[in-house]
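S.K.: Here you go, one structure.
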Amino acid sequence: MLDRMSKLGALSVIFDLDGTLVDSEPNYYEATRQTLAEHGVPGFTWAEHENYVGISTLETVAVLRERYGLHATVDELFHATNRRYLELARAGTHAYPEMRKFVELLAAEAVPTAVASGSSPEAIEAILAGTGLDAFLRIAVSADEVAHGKPAPDVFLEAARRLGADPVDCVVLEDAAPGATAAHAAGMRCIAVPYVAAQAGAPEFATAALLLRGGQTEFTAQSAYTWLADSVTSG
């Protein structure tokens with residue numbers, strides 16, 4: 001059980017990684033585009049990629065394999081895409097400034113935090129280390145470590161277990177509809193910061209306790225912290 005000296009009482013905060021803490025989607029897009037091109041599918045567009053935001057790499061390549069009738073196995077496509085992604089991630093991944101401030105603010109207030117992501121453990125480790133966020137976010141759960149990825153609640157429930165937190169005391173930050181669904185299924189409140197602005201009206205986001213339709217442009221560390229503090233007071 002982690003120390004509960006936070007001003008936010010028993011609250012714990014669980015972050016999605018890709019598109020929430022860091023802008024890694026361009027790297028995922030490029031890795032997927034290169035893998036598809038290698039297997040005879042040129043011209044994979046960013047607009048097509050947006051349909052897979054919030055879905056794990058393994059599930060994405062499985063869908064793309066079926067869609068394009070690829071001969072390579074799902075495992076081969078996954079490892080090829082993940083290898084390319086890791087190369088791109090290690091070369092440079094941008095952490096959103098206000099999200100970094102929020103993580104640092106929570107750490108200063110002794111709020112327990114974790115990462116729960118559809119990325120592989122290697123990708124999570126590379127990004128957290130490369131951005132320096134590993135100094136604050138020491139607990140991380142990959143979809144590879146649980147039975148089902150988002151929109152199933154498994155990664156969030158495992159993160160809560162590792163934090164020693166009751167799911168009802170956890171608040172999730174998410175950018176994608178599957179993640180918002182997963183948070184709701186886990187019995188956790190969700191601050192939704194949509195990565196794709198056009199998807200802000202998706203029904204999955206209607207379950208969020210706080211929906212920032214403007215995405216990262218609308219998110220600030222202080223306003224998020226104030227919302228958390230007010231929710232403790234009103235609760």
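Here, A, B, ... name the chains of the structure tokens in the order displayed, residue numbers run from 1 inside each chain, and ligands are numbered from 1 in the same displayed order.
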List every residue of segment 146-219 of chain A that DSSP, applied to the backbone, labels as strand (DSSP E or B), and write the result as a JSON list (two decimals) with N, CA, C and O atoms, in the first residue's frame.
M.R.:
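Result file follows (result.json):
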```
[["chain", "number", "residue", "atom", "x", "y", "z"],
["A", 170, "CYS", "N", -9.88, 5.95, -8.11],
["A", 170, "CYS", "CA", -8.95, 6.23, -9.20],
["A", 170, "CYS", "C", -9.58, 7.14, -10.25],
["A", 170, "CYS", "O", -10.75, 6.99, -10.61],
["A", 171, "VAL", "N", -8.78, 8.07, -10.75],
["A", 171, "VAL", "CA", -9.17, 8.93, -11.86],
["A", 171, "VAL", "C", -8.23, 8.65, -13.02],
["A", 171, "VAL", "O", -7.01, 8.63, -12.85],
["A", 172, "VAL", "N", -8.79, 8.41, -14.18],
["A", 172, "VAL", "CA", -8.03, 8.07, -15.38],
["A", 172, "VAL", "C", -7.97, 9.26, -16.32],
["A", 172, "VAL", "O", -8.98, 9.97, -16.50],
["A", 173, "LEU", "N", -6.81, 9.50, -16.91],
["A", 173, "LEU", "CA", -6.70, 10.48, -17.99],
["A", 173, "LEU", "C", -6.54, 9.73, -19.29],
["A", 173, "LEU", "O", -5.64, 8.89, -19.42],
["A", 174, "GLU", "N", -7.40, 10.02, -20.25],
["A", 174, "GLU", "CA", -7.45, 9.28, -21.52],
["A", 174, "GLU", "C", -7.70, 10.21, -22.69],
["A", 174, "GLU", "O", -8.35, 11.24, -22.56],
["A", 189, "ARG", "N", -13.48, 7.19, -12.52],
["A", 189, "ARG", "CA", -13.81, 8.44, -13.21],
["A", 189, "ARG", "C", -12.75, 8.72, -14.27],
["A", 189, "ARG", "O", -11.61, 8.30, -14.13],
["A", 190, "CYS", "N", -13.14, 9.45, -15.30],
["A", 190, "CYS", "CA", -12.24, 9.70, -16.42],
["A", 190, "CYS", "C", -12.22, 11.18, -16.79],
["A", 190, "CYS", "O", -13.27, 11.81, -16.90],
["A", 191, "ILE", "N", -11.01, 11.71, -16.92],
["A", 191, "ILE", "CA", -10.82, 13.01, -17.55],
["A", 191, "ILE", "C", -10.44, 12.72, -18.99],
["A", 191, "ILE", "O", -9.37, 12.16, -19.26],
["A", 192, "ALA", "N", -11.31, 13.05, -19.90],
["A", 192, "ALA", "CA", -11.09, 12.74, -21.32],
["A", 192, "ALA", "C", -10.52, 13.95, -22.04],
["A", 192, "ALA", "O", -11.09, 15.04, -21.99],
["A", 210, "LEU", "N", -15.18, 14.35, -16.83],
["A", 210, "LEU", "CA", -14.77, 15.65, -17.35],
["A", 210, "LEU", "C", -14.30, 15.45, -18.78],
["A", 210, "LEU", "O", -13.37, 14.67, -19.02],
["A", 211, "LEU", "N", -14.94, 16.12, -19.72],
["A", 211, "LEU", "CA", -14.58, 16.01, -21.13],
["A", 211, "LEU", "C", -14.07, 17.35, -21.62],
["A", 211, "LEU", "O", -14.79, 18.35, -21.61]]
```
S.K.: When you look at segment 106-123 of chain A with a cut-off of 8 Å (counting only C-alpha atoms), what residues show up, excluding the ones that are within fewer than 6 positions of it in the same chain? I need them as a PDB file with N, CA, C and O atoms, in the first residue's frame.
M.R.:
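Wrote part-v1.pdb, looks like this:
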```pdb
ATOM      1  N   LEU A   2       0.570   2.206  -0.888  1.00  0.00           N
ATOM      2  CA  LEU A   2       1.363   3.403  -0.990  1.00  0.00           C
ATOM      3  C   LEU A   2       0.926   4.446   0.037  1.00  0.00           C
ATOM      4  O   LEU A   2      -0.177   4.399   0.587  1.00  0.00           O
ATOM      5  N   ASP A   3       1.828   5.385   0.300  1.00  0.00           N
ATOM      6  CA  ASP A   3       1.576   6.461   1.251  1.00  0.00           C
ATOM      7  C   ASP A   3       0.361   7.270   0.817  1.00  0.00           C
ATOM      8  O   ASP A   3       0.223   7.628  -0.344  1.00  0.00           O
ATOM      9  N   ARG A   4      -0.519   7.586   1.766  1.00  0.00           N
ATOM     10  CA  ARG A   4      -1.745   8.314   1.455  1.00  0.00           C
ATOM     11  C   ARG A   4      -1.752   9.711   2.096  1.00  0.00           C
ATOM     12  O   ARG A   4      -2.752  10.161   2.610  1.00  0.00           O
ATOM     13  N   MET A   5      -0.640  10.415   2.051  1.00  0.00           N
ATOM     14  CA  MET A   5      -0.558  11.734   2.662  1.00  0.00           C
ATOM     15  C   MET A   5      -0.980  12.856   1.708  1.00  0.00           C
ATOM     16  O   MET A   5      -0.844  14.020   1.995  1.00  0.00           O
ATOM     17  N   SER A   6      -1.491  12.497   0.542  1.00  0.00           N
ATOM     18  CA  SER A   6      -1.883  13.487  -0.447  1.00  0.00           C
ATOM     19  C   SER A   6      -3.009  14.385   0.061  1.00  0.00           C
ATOM     20  O   SER A   6      -3.885  13.956   0.821  1.00  0.00           O
ATOM     21  N   LYS A   7      -2.978  15.650  -0.389  1.00  0.00           N
ATOM     22  CA  LYS A   7      -4.073  16.568  -0.093  1.00  0.00           C
ATOM     23  C   LYS A   7      -5.360  16.120  -0.778  1.00  0.00           C
ATOM     24  O   LYS A   7      -6.438  16.598  -0.452  1.00  0.00           O
ATOM     25  N   LEU A   8      -5.216  15.225  -1.759  1.00  0.00           N
ATOM     26  CA  LEU A   8      -6.384  14.713  -2.469  1.00  0.00           C
ATOM     27  C   LEU A   8      -6.933  13.445  -1.822  1.00  0.00           C
ATOM     28  O   LEU A   8      -7.676  12.694  -2.436  1.00  0.00           O
ATOM     29  N   LEU A  11      -7.308   9.592  -3.414  1.00  0.00           N
ATOM     30  CA  LEU A  11      -7.308   9.564  -4.873  1.00  0.00           C
ATOM     31  C   LEU A  11      -5.968   9.099  -5.445  1.00  0.00           C
ATOM     32  O   LEU A  11      -4.904   9.457  -4.955  1.00  0.00           O
ATOM     33  N   SER A  12      -6.054   8.294  -6.498  1.00  0.00           N
ATOM     34  CA  SER A  12      -4.901   7.922  -7.306  1.00  0.00           C
ATOM     35  C   SER A  12      -5.212   8.310  -8.747  1.00  0.00           C
ATOM     36  O   SER A  12      -6.378   8.347  -9.149  1.00  0.00           O
ATOM     37  N   VAL A  13      -4.179   8.605  -9.522  1.00  0.00           N
ATOM     38  CA  VAL A  13      -4.371   9.035 -10.900  1.00  0.00           C
ATOM     39  C   VAL A  13      -3.634   8.081 -11.834  1.00  0.00           C
ATOM     40  O   VAL A  13      -2.447   7.791 -11.626  1.00  0.00           O
ATOM     41  N   ILE A  14      -4.351   7.589 -12.832  1.00  0.00           N
ATOM     42  CA  ILE A  14      -3.783   6.649 -13.803  1.00  0.00           C
ATOM     43  C   ILE A  14      -3.796   7.301 -15.182  1.00  0.00           C
ATOM     44  O   ILE A  14      -4.846   7.754 -15.653  1.00  0.00           O
ATOM     45  N   PHE A  15      -2.629   7.343 -15.804  1.00  0.00           N
ATOM     46  CA  PHE A  15      -2.486   7.981 -17.105  1.00  0.00           C
ATOM     47  C   PHE A  15      -2.408   6.956 -18.228  1.00  0.00           C
ATOM     48  O   PHE A  15      -1.628   5.999 -18.155  1.00  0.00           O
ATOM     49  N   ASP A  16      -3.184   7.175 -19.275  1.00  0.00           N
ATOM     50  CA  ASP A  16      -2.872   6.548 -20.545  1.00  0.00           C
ATOM     51  C   ASP A  16      -1.579   7.206 -21.029  1.00  0.00           C
ATOM     52  O   ASP A  16      -1.239   8.311 -20.605  1.00  0.00           O
ATOM     53  N   LEU A  17      -0.839   6.530 -21.905  1.00  0.00           N
ATOM     54  CA  LEU A  17       0.438   7.063 -22.362  1.00  0.00           C
ATOM     55  C   LEU A  17       0.324   7.776 -23.714  1.00  0.00           C
ATOM     56  O   LEU A  17       0.473   8.988 -23.816  1.00  0.00           O
ATOM     57  N   ASP A  18       0.044   7.011 -24.752  1.00  0.00           N
ATOM     58  CA  ASP A  18       0.082   7.513 -26.122  1.00  0.00           C
ATOM     59  C   ASP A  18      -1.083   8.445 -26.418  1.00  0.00           C
ATOM     60  O   ASP A  18      -2.245   8.067 -26.278  1.00  0.00           O
ATOM     61  N   GLY A  54      -5.890   4.636 -29.793  1.00  0.00           N
ATOM     62  CA  GLY A  54      -6.432   4.067 -28.563  1.00  0.00           C
ATOM     63  C   GLY A  54      -6.534   2.558 -28.573  1.00  0.00           C
ATOM     64  O   GLY A  54      -6.906   1.957 -27.569  1.00  0.00           O
ATOM     65  N   ILE A  55      -6.198   1.938 -29.690  1.00  0.00           N
ATOM     66  CA  ILE A  55      -6.225   0.480 -29.808  1.00  0.00           C
ATOM     67  C   ILE A  55      -4.788  -0.029 -29.802  1.00  0.00           C
ATOM     68  O   ILE A  55      -3.899   0.578 -30.396  1.00  0.00           O
ATOM     69  N   SER A  56      -4.539  -1.132 -29.121  1.00  0.00           N
ATOM     70  CA  SER A  56      -3.180  -1.646 -29.006  1.00  0.00           C
ATOM     71  C   SER A  56      -2.608  -2.011 -30.377  1.00  0.00           C
ATOM     72  O   SER A  56      -3.346  -2.284 -31.326  1.00  0.00           O
ATOM     73  N   THR A  57      -1.277  -2.009 -30.456  1.00  0.00           N
ATOM     74  CA  THR A  57      -0.599  -2.349 -31.710  1.00  0.00           C
ATOM     75  C   THR A  57      -0.973  -3.750 -32.173  1.00  0.00           C
ATOM     76  O   THR A  57      -1.201  -3.986 -33.367  1.00  0.00           O
ATOM     77  N   ASN A  82       6.383  -2.982 -34.053  1.00  0.00           N
ATOM     78  CA  ASN A  82       6.908  -2.578 -32.752  1.00  0.00           C
ATOM     79  C   ASN A  82       8.391  -2.220 -32.838  1.00  0.00           C
ATOM     80  O   ASN A  82       8.856  -1.274 -32.196  1.00  0.00           O
ATOM     81  N   TYR A  85       8.593   1.138 -34.354  1.00  0.00           N
ATOM     82  CA  TYR A  85       8.109   2.146 -33.412  1.00  0.00           C
ATOM     83  C   TYR A  85       9.154   2.445 -32.339  1.00  0.00           C
ATOM     84  O   TYR A  85       9.381   3.615 -31.999  1.00  0.00           O
ATOM     85  N   LEU A  86       9.789   1.413 -31.813  1.00  0.00           N
ATOM     86  CA  LEU A  86      10.799   1.615 -30.770  1.00  0.00           C
ATOM     87  C   LEU A  86      11.951   2.467 -31.290  1.00  0.00           C
ATOM     88  O   LEU A  86      12.476   3.321 -30.565  1.00  0.00           O
ATOM     89  N   ALA A  89      10.579   5.971 -31.360  1.00  0.00           N
ATOM     90  CA  ALA A  89      10.336   6.473 -30.011  1.00  0.00           C
ATOM     91  C   ALA A  89      11.627   6.871 -29.324  1.00  0.00           C
ATOM     92  O   ALA A  89      11.698   7.893 -28.627  1.00  0.00           O
ATOM     93  N   PHE A 136       8.879  10.062 -12.164  1.00  0.00           N
ATOM     94  CA  PHE A 136       7.636  10.284 -11.419  1.00  0.00           C
ATOM     95  C   PHE A 136       6.664   9.112 -11.537  1.00  0.00           C
ATOM     96  O   PHE A 136       5.916   8.825 -10.604  1.00  0.00           O
ATOM     97  N   LEU A 137       6.656   8.480 -12.696  1.00  0.00           N
ATOM     98  CA  LEU A 137       5.698   7.407 -12.969  1.00  0.00           C
ATOM     99  C   LEU A 137       6.434   6.069 -12.917  1.00  0.00           C
ATOM    100  O   LEU A 137       6.936   5.577 -13.927  1.00  0.00           O
ATOM    101  N   ARG A 138       6.492   5.488 -11.740  1.00  0.00           N
ATOM    102  CA  ARG A 138       7.293   4.280 -11.545  1.00  0.00           C
ATOM    103  C   ARG A 138       6.486   2.990 -11.710  1.00  0.00           C
ATOM    104  O   ARG A 138       7.045   1.905 -11.796  1.00  0.00           O
ATOM    105  N   ILE A 139       5.166   3.128 -11.737  1.00  0.00           N
ATOM    106  CA  ILE A 139       4.295   1.972 -11.953  1.00  0.00           C
ATOM    107  C   ILE A 139       3.693   2.078 -13.346  1.00  0.00           C
ATOM    108  O   ILE A 139       3.094   3.098 -13.698  1.00  0.00           O
ATOM    109  N   ALA A 140       3.893   1.045 -14.153  1.00  0.00           N
ATOM    110  CA  ALA A 140       3.373   1.051 -15.517  1.00  0.00           C
ATOM    111  C   ALA A 140       2.841  -0.329 -15.869  1.00  0.00           C
ATOM    112  O   ALA A 140       3.477  -1.342 -15.580  1.00  0.00           O
ATOM    113  N   VAL A 141       1.686  -0.352 -16.492  1.00  0.00           N
ATOM    114  CA  VAL A 141       1.047  -1.601 -16.900  1.00  0.00           C
ATOM    115  C   VAL A 141       0.823  -1.566 -18.409  1.00  0.00           C
ATOM    116  O   VAL A 141       0.270  -0.604 -18.940  1.00  0.00           O
ATOM    117  N   SER A 142       1.276  -2.618 -19.084  1.00  0.00           N
ATOM    118  CA  SER A 142       1.058  -2.764 -20.519  1.00  0.00           C
ATOM    119  C   SER A 142      -0.106  -3.715 -20.773  1.00  0.00           C
ATOM    120  O   SER A 142      -0.346  -4.646 -19.992  1.00  0.00           O
ATOM    121  N   ALA A 143      -0.802  -3.490 -21.879  1.00  0.00           N
ATOM    122  CA  ALA A 143      -1.878  -4.410 -22.268  1.00  0.00           C
ATOM    123  C   ALA A 143      -1.331  -5.818 -22.495  1.00  0.00           C
ATOM    124  O   ALA A 143      -2.068  -6.798 -22.391  1.00  0.00           O
ATOM    125  N   ASP A 144      -0.013  -5.915 -22.786  1.00  0.00           N
ATOM    126  CA  ASP A 144       0.609  -7.227 -22.978  1.00  0.00           C
ATOM    127  C   ASP A 144       0.621  -8.045 -21.700  1.00  0.00           C
ATOM    128  O   ASP A 144       0.803  -9.264 -21.731  1.00  0.00           O
ATOM    129  N   GLY A 149      -6.900  -6.009 -23.764  1.00  0.00           N
ATOM    130  CA  GLY A 149      -6.586  -4.590 -23.863  1.00  0.00           C
ATOM    131  C   GLY A 149      -7.846  -3.747 -23.838  1.00  0.00           C
ATOM    132  O   GLY A 149      -8.967  -4.256 -23.783  1.00  0.00           O
ATOM    133  N   LYS A 150      -7.667  -2.437 -23.877  1.00  0.00           N
ATOM    134  CA  LYS A 150      -8.810  -1.527 -23.939  1.00  0.00           C
ATOM    135  C   LYS A 150      -9.604  -1.820 -25.220  1.00  0.00           C
ATOM    136  O   LYS A 150      -9.006  -2.157 -26.233  1.00  0.00           O
ATOM    137  N   VAL A 155      -6.276  -3.273 -17.912  1.00  0.00           N
ATOM    138  CA  VAL A 155      -5.045  -2.528 -17.615  1.00  0.00           C
ATOM    139  C   VAL A 155      -5.260  -1.534 -16.476  1.00  0.00           C
ATOM    140  O   VAL A 155      -4.366  -1.343 -15.641  1.00  0.00           O
ATOM    141  N   PHE A 156      -6.422  -0.931 -16.423  1.00  0.00           N
ATOM    142  CA  PHE A 156      -6.701   0.027 -15.356  1.00  0.00           C
ATOM    143  C   PHE A 156      -6.879  -0.681 -14.009  1.00  0.00           C
ATOM    144  O   PHE A 156      -6.410  -0.191 -12.972  1.00  0.00           O
ATOM    145  N   ALA A 159      -3.470  -1.635 -12.802  1.00  0.00           N
ATOM    146  CA  ALA A 159      -2.767  -0.462 -12.290  1.00  0.00           C
ATOM    147  C   ALA A 159      -3.255  -0.112 -10.885  1.00  0.00           C
ATOM    148  O   ALA A 159      -2.450   0.193  -9.993  1.00  0.00           O
ATOM    149  N   LEU A 163      -1.140  -0.103  -7.373  1.00  0.00           N
ATOM    150  CA  LEU A 163      -1.121   1.101  -6.539  1.00  0.00           C
ATOM    151  C   LEU A 163      -1.669   0.838  -5.143  1.00  0.00           C
ATOM    152  O   LEU A 163      -1.478   1.652  -4.240  1.00  0.00           O
ATOM    153  N   TYR A 225      -5.862  19.816 -11.606  1.00  0.00           N
ATOM    154  CA  TYR A 225      -5.657  19.603 -10.172  1.00  0.00           C
ATOM    155  C   TYR A 225      -6.811  20.214  -9.373  1.00  0.00           C
ATOM    156  O   TYR A 225      -7.321  19.599  -8.431  1.00  0.00           O
TER     157      TYR A 225
END
```
S.K.: What is the distance between atom CA of Pro194 of chain A and atom CA of Gly215 of chain A, in Å to one decimal?
M.R.: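 According to the coordinates, atom CA of Pro194 of chain A and atom CA of Gly215 of chain A are separated by 4.8 Å.
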S.K.: Which neighbours of Glu98 of chain A fall inside 10 Å, counting only C-alpha atoms, when residues of the same chain fewer than 6 positions from it are skipped, and could you give them as a PyMOL selection string?
M.R.: chain A and resi 21+104+216-222+224
S.K.: Kindly save the residues from that selection, with all heavy atoms included, as a tab-separated table (two decimals), in the first residue's frame.
M.R.:
```tsv
chain	number	residue	atom	x	y	z
A	21	LEU	N	-0.18	11.45	-22.38
A	21	LEU	CA	1.03	12.02	-21.80
A	21	LEU	C	1.99	12.51	-22.87
A	21	LEU	O	2.66	13.52	-22.70
A	21	LEU	CB	1.75	10.96	-20.94
A	21	LEU	CG	1.26	10.76	-19.51
A	21	LEU	CD1	1.97	9.56	-18.88
A	21	LEU	CD2	1.49	12.00	-18.67
A	104	GLU	N	4.17	16.34	-12.43
A	104	GLU	CA	5.07	16.90	-11.42
A	104	GLU	C	4.29	17.47	-10.24
A	104	GLU	O	4.71	17.33	-9.08
A	104	GLU	CB	5.96	17.97	-12.05
A	104	GLU	CG	6.94	17.40	-13.08
A	104	GLU	CD	7.71	18.48	-13.82
A	104	GLU	OE1	7.35	19.68	-13.68
A	104	GLU	OE2	8.65	18.13	-14.56
A	216	GLN	N	-5.72	18.62	-25.96
A	216	GLN	CA	-4.56	19.16	-25.25
A	216	GLN	C	-4.55	20.69	-25.22
A	216	GLN	O	-4.00	21.28	-24.28
A	216	GLN	CB	-3.28	18.65	-25.90
A	216	GLN	CG	-3.04	17.15	-25.72
A	216	GLN	CD	-2.72	16.77	-24.29
A	216	GLN	OE1	-2.31	17.59	-23.48
A	216	GLN	NE2	-2.92	15.49	-23.97
A	217	THR	N	-5.16	21.34	-26.19
A	217	THR	CA	-5.19	22.80	-26.20
A	217	THR	C	-6.02	23.35	-25.06
A	217	THR	O	-5.86	24.52	-24.68
A	217	THR	CB	-5.75	23.33	-27.53
A	217	THR	OG1	-7.10	22.86	-27.69
A	217	THR	CG2	-4.92	22.86	-28.71
A	218	GLU	N	-6.91	22.54	-24.51
A	218	GLU	CA	-7.80	22.97	-23.43
A	218	GLU	C	-7.30	22.52	-22.06
A	218	GLU	O	-7.77	23.01	-21.03
A	218	GLU	CB	-9.20	22.40	-23.70
A	218	GLU	CG	-10.30	22.99	-22.85
A	218	GLU	CD	-11.68	22.46	-23.25
A	218	GLU	OE1	-11.85	22.12	-24.43
A	218	GLU	OE2	-12.56	22.38	-22.38
A	219	PHE	N	-6.35	21.59	-22.05
A	219	PHE	CA	-5.89	21.01	-20.78
A	219	PHE	C	-4.81	21.87	-20.14
A	219	PHE	O	-3.85	22.28	-20.78
A	219	PHE	CB	-5.32	19.61	-21.02
A	219	PHE	CG	-4.81	18.95	-19.76
A	219	PHE	CD1	-5.66	18.23	-18.95
A	219	PHE	CD2	-3.47	19.07	-19.39
A	219	PHE	CE1	-5.20	17.63	-17.79
A	219	PHE	CE2	-3.00	18.48	-18.23
A	219	PHE	CZ	-3.87	17.76	-17.43
A	220	THR	N	-4.96	22.13	-18.82
A	220	THR	CA	-3.90	22.75	-18.05
A	220	THR	C	-3.73	21.97	-16.75
A	220	THR	O	-4.70	21.43	-16.20
A	220	THR	CB	-4.17	24.22	-17.69
A	220	THR	OG1	-5.26	24.30	-16.77
A	220	THR	CG2	-4.47	25.04	-18.94
A	221	ALA	N	-2.49	21.92	-16.27
A	221	ALA	CA	-2.19	21.16	-15.06
A	221	ALA	C	-2.98	21.71	-13.86
A	221	ALA	O	-3.55	20.95	-13.08
A	221	ALA	CB	-0.69	21.22	-14.78
A	222	GLN	N	-3.01	23.03	-13.73
A	222	GLN	CA	-3.66	23.63	-12.57
A	222	GLN	C	-5.17	23.40	-12.58
A	222	GLN	O	-5.76	23.09	-11.54
A	222	GLN	CB	-3.36	25.12	-12.50
A	222	GLN	CG	-3.80	25.77	-11.19
A	222	GLN	CD	-3.20	25.11	-9.96
A	222	GLN	OE1	-1.98	25.00	-9.85
A	222	GLN	NE2	-4.04	24.65	-9.04
A	224	ALA	N	-6.77	20.95	-13.99
A	224	ALA	CA	-7.02	19.53	-13.72
A	224	ALA	C	-6.88	19.24	-12.23
A	224	ALA	O	-7.69	18.51	-11.64
A	224	ALA	CB	-6.06	18.67	-14.52
```
S.K.: Which distance in Å separates atom CA of Asp75 of chain A and atom CA of Val61 of chain A, to one decimal?
M.R.: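 Atom-to-atom, atom CA of Asp75 of chain A to atom CA of Val61 of chain A, that is 8.8 Å.
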S.K.: What is the atom CA of Leu105 of chain A-atom CA of Gly92 of chain A distance in Å, reported with one decimal?
M.R.: 24.0 Å
S.K.: Please determine, counting only C-alpha atoms, which residue among A:Leu58, A:Arg100, A:Pro153, A:Gly9 has the shortest atom-to-atom distance to Asp134 of chain A.
M.R.: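 Among the listed residues, A:Arg100 lies closest to Asp134 of chain A.
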